[in-house]
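What follows is the content of start-v7.txt, which has compact mmCIF, C-alpha atoms:
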# COMPACT_ATOMS: atom_id res chain seq x y z
CA MET A 1 -44.65 6.97 -9.92
CA SER A 2 -42.04 7.67 -7.29
CA ARG A 3 -42.00 11.12 -5.71
CA ARG A 4 -38.34 10.86 -4.91
CA GLY A 5 -35.59 11.65 -7.37
CA THR A 6 -33.61 8.84 -8.92
CA ALA A 7 -30.47 7.78 -7.11
CA GLU A 8 -27.32 8.73 -8.95
CA GLU A 9 -24.79 6.06 -9.86
CA LYS A 10 -21.99 5.73 -7.32
CA THR A 11 -18.55 5.16 -8.73
CA ALA A 12 -16.52 2.62 -6.79
CA LYS A 13 -13.31 3.91 -5.27
CA SER A 14 -10.01 2.24 -6.04
CA ASP A 15 -7.61 0.68 -3.54
CA PRO A 16 -4.40 2.47 -2.51
CA ILE A 17 -1.78 0.04 -3.88
CA TYR A 18 -3.11 -1.36 -7.17
CA ARG A 19 -5.46 1.53 -8.01
CA ASN A 20 -8.06 -1.07 -8.97
CA ARG A 21 -11.80 -0.85 -8.31
CA LEU A 22 -12.20 -4.62 -8.39
CA VAL A 23 -9.74 -5.03 -5.50
CA ASN A 24 -11.66 -2.42 -3.52
CA MET A 25 -14.94 -4.24 -4.17
CA LEU A 26 -13.31 -7.42 -2.86
CA VAL A 27 -12.03 -5.65 0.24
CA ASN A 28 -15.50 -4.30 1.01
CA ARG A 29 -17.07 -7.75 0.60
CA ILE A 30 -14.45 -9.57 2.71
CA LEU A 31 -14.82 -6.95 5.46
CA LYS A 32 -16.09 -8.27 8.79
CA HIS A 33 -16.90 -6.23 11.89
CA GLY A 34 -15.47 -3.05 10.32
CA LYS A 35 -11.87 -4.31 10.24
CA LYS A 36 -10.89 -2.87 6.88
CA SER A 37 -7.13 -2.98 7.44
CA LEU A 38 -7.37 -6.73 8.08
CA ALA A 39 -9.40 -7.13 4.88
CA TYR A 40 -6.70 -5.26 2.94
CA GLN A 41 -4.03 -7.52 4.48
CA ILE A 42 -5.91 -10.66 3.43
CA ILE A 43 -6.38 -9.46 -0.15
CA TYR A 44 -2.78 -8.26 -0.56
CA ARG A 45 -1.37 -11.50 0.88
CA ALA A 46 -3.58 -13.52 -1.48
CA VAL A 47 -2.43 -11.42 -4.44
CA LYS A 48 1.20 -11.92 -3.38
CA LYS A 49 0.70 -15.70 -3.19
CA ILE A 50 -0.81 -15.71 -6.69
CA GLN A 51 2.18 -13.67 -7.95
CA GLN A 52 4.61 -16.20 -6.45
CA LYS A 53 2.79 -19.30 -7.71
CA THR A 54 1.85 -18.26 -11.25
CA LYS A 55 4.69 -15.83 -12.07
CA THR A 56 2.14 -13.66 -13.92
CA ASN A 57 0.24 -10.48 -13.18
CA PRO A 58 -2.04 -11.35 -10.23
CA LEU A 59 -4.65 -8.77 -11.26
CA SER A 60 -5.10 -10.54 -14.61
CA VAL A 61 -5.68 -13.81 -12.71
CA LEU A 62 -8.22 -11.99 -10.52
CA ARG A 63 -10.01 -10.51 -13.56
CA GLU A 64 -10.06 -13.88 -15.33
CA ALA A 65 -11.45 -15.63 -12.23
CA ILE A 66 -14.23 -13.10 -11.82
CA ARG A 67 -15.00 -13.18 -15.55
CA ARG A 68 -15.36 -16.97 -15.45
CA VAL A 69 -17.52 -17.00 -12.31
CA THR A 70 -19.86 -14.15 -13.43
CA PRO A 71 -23.28 -15.62 -14.29
CA LYS A 72 -25.30 -14.51 -17.33
CA ILE A 73 -28.70 -15.62 -16.00
CA ALA A 74 -30.13 -16.48 -12.58
CA VAL A 75 -33.43 -17.65 -11.18
CA LYS A 76 -35.79 -15.51 -9.13
CA ALA A 77 -38.74 -16.82 -7.14
CA ARG A 78 -42.05 -15.43 -8.40
CA ARG A 79 -45.46 -16.17 -6.89
CA GLN A 80 -48.37 -16.61 -9.22
CA SER A 81 -51.81 -17.85 -8.14
CA GLY A 82 -50.50 -19.50 -4.98
CA LEU A 83 -47.57 -21.27 -6.65
CA THR A 84 -43.94 -20.24 -6.49
CA HIS A 85 -42.09 -20.49 -9.80
CA GLN A 86 -38.36 -20.15 -10.32
CA VAL A 87 -38.24 -17.65 -13.18
CA PRO A 88 -34.98 -17.24 -15.12
CA ILE A 89 -33.87 -13.61 -15.46
CA GLU A 90 -30.89 -12.05 -17.20
CA ILE A 91 -28.31 -10.38 -15.00
CA GLY A 92 -26.52 -7.12 -15.73
CA SER A 93 -22.75 -6.84 -15.55
CA THR A 94 -22.65 -5.00 -12.20
CA GLN A 95 -24.97 -7.44 -10.45
CA GLY A 96 -23.18 -10.39 -12.06
CA LYS A 97 -19.82 -9.12 -10.82
CA ALA A 98 -21.22 -8.69 -7.30
CA LEU A 99 -22.57 -12.27 -7.38
CA ALA A 100 -19.22 -13.58 -8.65
CA ILE A 101 -17.34 -11.86 -5.83
CA ARG A 102 -19.83 -13.20 -3.26
CA TRP A 103 -19.50 -16.75 -4.61
CA LEU A 104 -15.69 -16.60 -4.72
CA LEU A 105 -15.48 -15.41 -1.11
CA GLY A 106 -18.08 -17.95 0.06
CA ALA A 107 -16.25 -20.80 -1.66
CA SER A 108 -12.91 -19.71 -0.23
CA ARG A 109 -14.35 -19.46 3.28
CA LYS A 110 -15.63 -23.03 3.03
CA ARG A 111 -12.24 -24.35 1.89
CA SER A 112 -9.97 -26.09 4.35
CA GLY A 113 -6.62 -24.46 4.71
CA ARG A 114 -4.31 -22.40 6.83
CA ASN A 115 -5.61 -18.85 6.58
CA MET A 116 -8.04 -16.81 4.53
CA ALA A 117 -5.34 -15.39 2.24
CA PHE A 118 -4.19 -18.91 1.31
CA LYS A 119 -7.75 -20.15 0.77
CA PHE A 120 -8.73 -17.11 -1.29
CA SER A 121 -5.65 -17.28 -3.51
CA SER A 122 -6.26 -21.00 -4.13
CA GLU A 123 -9.91 -20.37 -5.02
CA LEU A 124 -8.96 -17.53 -7.38
CA MET A 125 -6.40 -19.67 -9.21
CA ASP A 126 -8.89 -22.56 -9.48
CA ALA A 127 -11.59 -20.23 -10.81
CA ALA A 128 -9.18 -18.75 -13.37
CA LYS A 129 -8.49 -22.31 -14.59
CA GLY A 130 -12.23 -23.08 -14.76
CA LYS A 131 -12.67 -25.29 -11.70
CA GLY A 132 -13.47 -24.83 -8.03
CA ASN A 133 -16.62 -24.38 -5.98
CA ALA A 134 -17.43 -20.90 -7.30
CA ILE A 135 -17.47 -22.22 -10.89
CA ARG A 136 -19.66 -25.11 -9.75
CA LYS A 137 -22.09 -22.61 -8.21
CA LYS A 138 -22.30 -20.69 -11.49
CA GLU A 139 -22.94 -23.86 -13.50
CA GLU A 140 -25.60 -24.94 -11.00
CA THR A 141 -27.35 -21.58 -11.36
CA HIS A 142 -27.26 -21.83 -15.16
CA ARG A 143 -28.67 -25.38 -14.98
CA MET A 144 -31.52 -24.19 -12.75
CA ALA A 145 -32.31 -21.37 -15.17
CA GLU A 146 -32.23 -23.78 -18.13
CA ALA A 147 -34.51 -26.26 -16.36
CA ASN A 148 -37.04 -23.53 -15.56
CA ARG A 149 -36.98 -21.93 -19.00
CA ALA A 150 -40.67 -22.82 -19.39
CA PHE A 151 -41.53 -20.10 -16.84
CA ALA A 152 -39.60 -17.38 -18.69
CA HIS A 153 -42.90 -15.85 -19.86
CA LEU A 154 -43.67 -14.88 -16.23
CA ARG A 155 -40.74 -12.46 -16.24
Output the file's structure in the form of structure tokens.
Amino acid sequence: MSRRGTAEEKTAKSDPIYRNRLVNMLVNRILKHGKKSLAYQIIYRAVKKIQQKTKTNPLSVLREAIRRVTPKIAVKARRQSGLTHQVPIEIGSTQGKALAIRWLLGASRKRSGRNMAFKFSSELMDAAKGKGNAIRKKEETHRMAEANRAFAHLR
């Protein structure tokens, strides 16, 4: 048993303009080399582009994109008697959301385009419609978990 106390849950802060925790999570994940103001600029420009293109609430597009990309199950490598098995495990909502954000940002970074705000807004709109590289990544993860369902007893 651990001698330390349990870590208390940290509540995520919200961003200054939209007062949304999800936007703040995105800003913290897009952050590179401590340039937080640049990360805010990228996110706000992307949100503005979504507003102009879809003529709807951009935060609802963001929520829908993250909801569609969030995985339910994933695979984890487990060693047993010298062999490594890919064991499917269920994912909680917080971890799933973090994975979804990571996949969305990774897919938008790989896109070809003018700037990060343009690429990120395009990826978000694609994910909200149910296509794009982030959605493909989720489906690939679910396929892997389904294929390795035989090892679920090793959980």
Might you pull out every residue within 7 Å of Ala117 in chain A, with all atoms listed in the file counted and same-chain residues fewer than 6 positions away left off, and present them as a PyMOL selection string? chain A and resi 42-43+45-46
Could you dump the residues just selected with C-alpha atoms as an mmCIF file, keeping the file's coordinate frame?
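Listing of out.cif after writing:
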data_model
loop_
_atom_site.group_PDB
_atom_site.id
_atom_site.type_symbol
_atom_site.label_atom_id
_atom_site.label_comp_id
_atom_site.auth_asym_id
_atom_site.auth_seq_id
_atom_site.Cartn_x
_atom_site.Cartn_y
_atom_site.Cartn_z
ATOM 1 C CA ILE A 42 -5.910 -10.660 3.430
ATOM 2 C CA ILE A 43 -6.380 -9.460 -0.150
ATOM 3 C CA ARG A 45 -1.370 -11.500 0.880
ATOM 4 C CA ALA A 46 -3.580 -13.520 -1.480
#
Selected residue, from A:Ala98, A:Thr56, A:Ser121, A:Ala128, that lies nearest to Asn28 in chain A when counting all atoms listed in the file: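 So, comparing all the options, the nearest one is A:Ala98.
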Could you work out how far CA of Ala107 in chain A lies from CA of Ile73 in chain A, giving the answer in Å with one decimal? 19.7 Å
Emit as AutoDock Vina command-line options the padded axis-aligned box for all listed atoms of range 62-75 of chain A, 8 Å per side, with centre and edge lengths in Å to one decimal.
--center_x -20.8 --center_y -14.1 --center_z -13.9 --size_x 41.2 --size_y 23.1 --size_z 22.8
Quick check, in Å to one decimal: how far apart do CA of Thr70 in chain A and CA of Gly96 in chain A lie? 5.2 Å
Expected answer as an MDAnalysis selection string: all residues with atoms within 10 Å of (-24.6, -21.9, -10.9), all atoms listed in the file: chainID A and resid 69:75 103 133:145
Please save C-alpha atoms of the selected residues as a CSV table (one decimal), keeping the file's coordinate frame.
chain,number,residue,atom,x,y,z
A,69,VAL,CA,-17.5,-17.0,-12.3
A,70,THR,CA,-19.9,-14.2,-13.4
A,71,PRO,CA,-23.3,-15.6,-14.3
A,72,LYS,CA,-25.3,-14.5,-17.3
A,73,ILE,CA,-28.7,-15.6,-16.0
A,74,ALA,CA,-30.1,-16.5,-12.6
A,75,VAL,CA,-33.4,-17.6,-11.2
A,103,TRP,CA,-19.5,-16.8,-4.6
A,133,ASN,CA,-16.6,-24.4,-6.0
A,134,ALA,CA,-17.4,-20.9,-7.3
A,135,ILE,CA,-17.5,-22.2,-10.9
A,136,ARG,CA,-19.7,-25.1,-9.8
A,137,LYS,CA,-22.1,-22.6,-8.2
A,138,LYS,CA,-22.3,-20.7,-11.5
A,139,GLU,CA,-22.9,-23.9,-13.5
A,140,GLU,CA,-25.6,-24.9,-11.0
A,141,THR,CA,-27.4,-21.6,-11.4
A,142,HIS,CA,-27.3,-21.8,-15.2
A,143,ARG,CA,-28.7,-25.4,-15.0
A,144,MET,CA,-31.5,-24.2,-12.8
A,145,ALA,CA,-32.3,-21.4,-15.2
I'd like the interatomic distance between CA of Gly106 in chain A and CA of Tyr44 in chain A, to a tenth of an Å. 18.1 Å
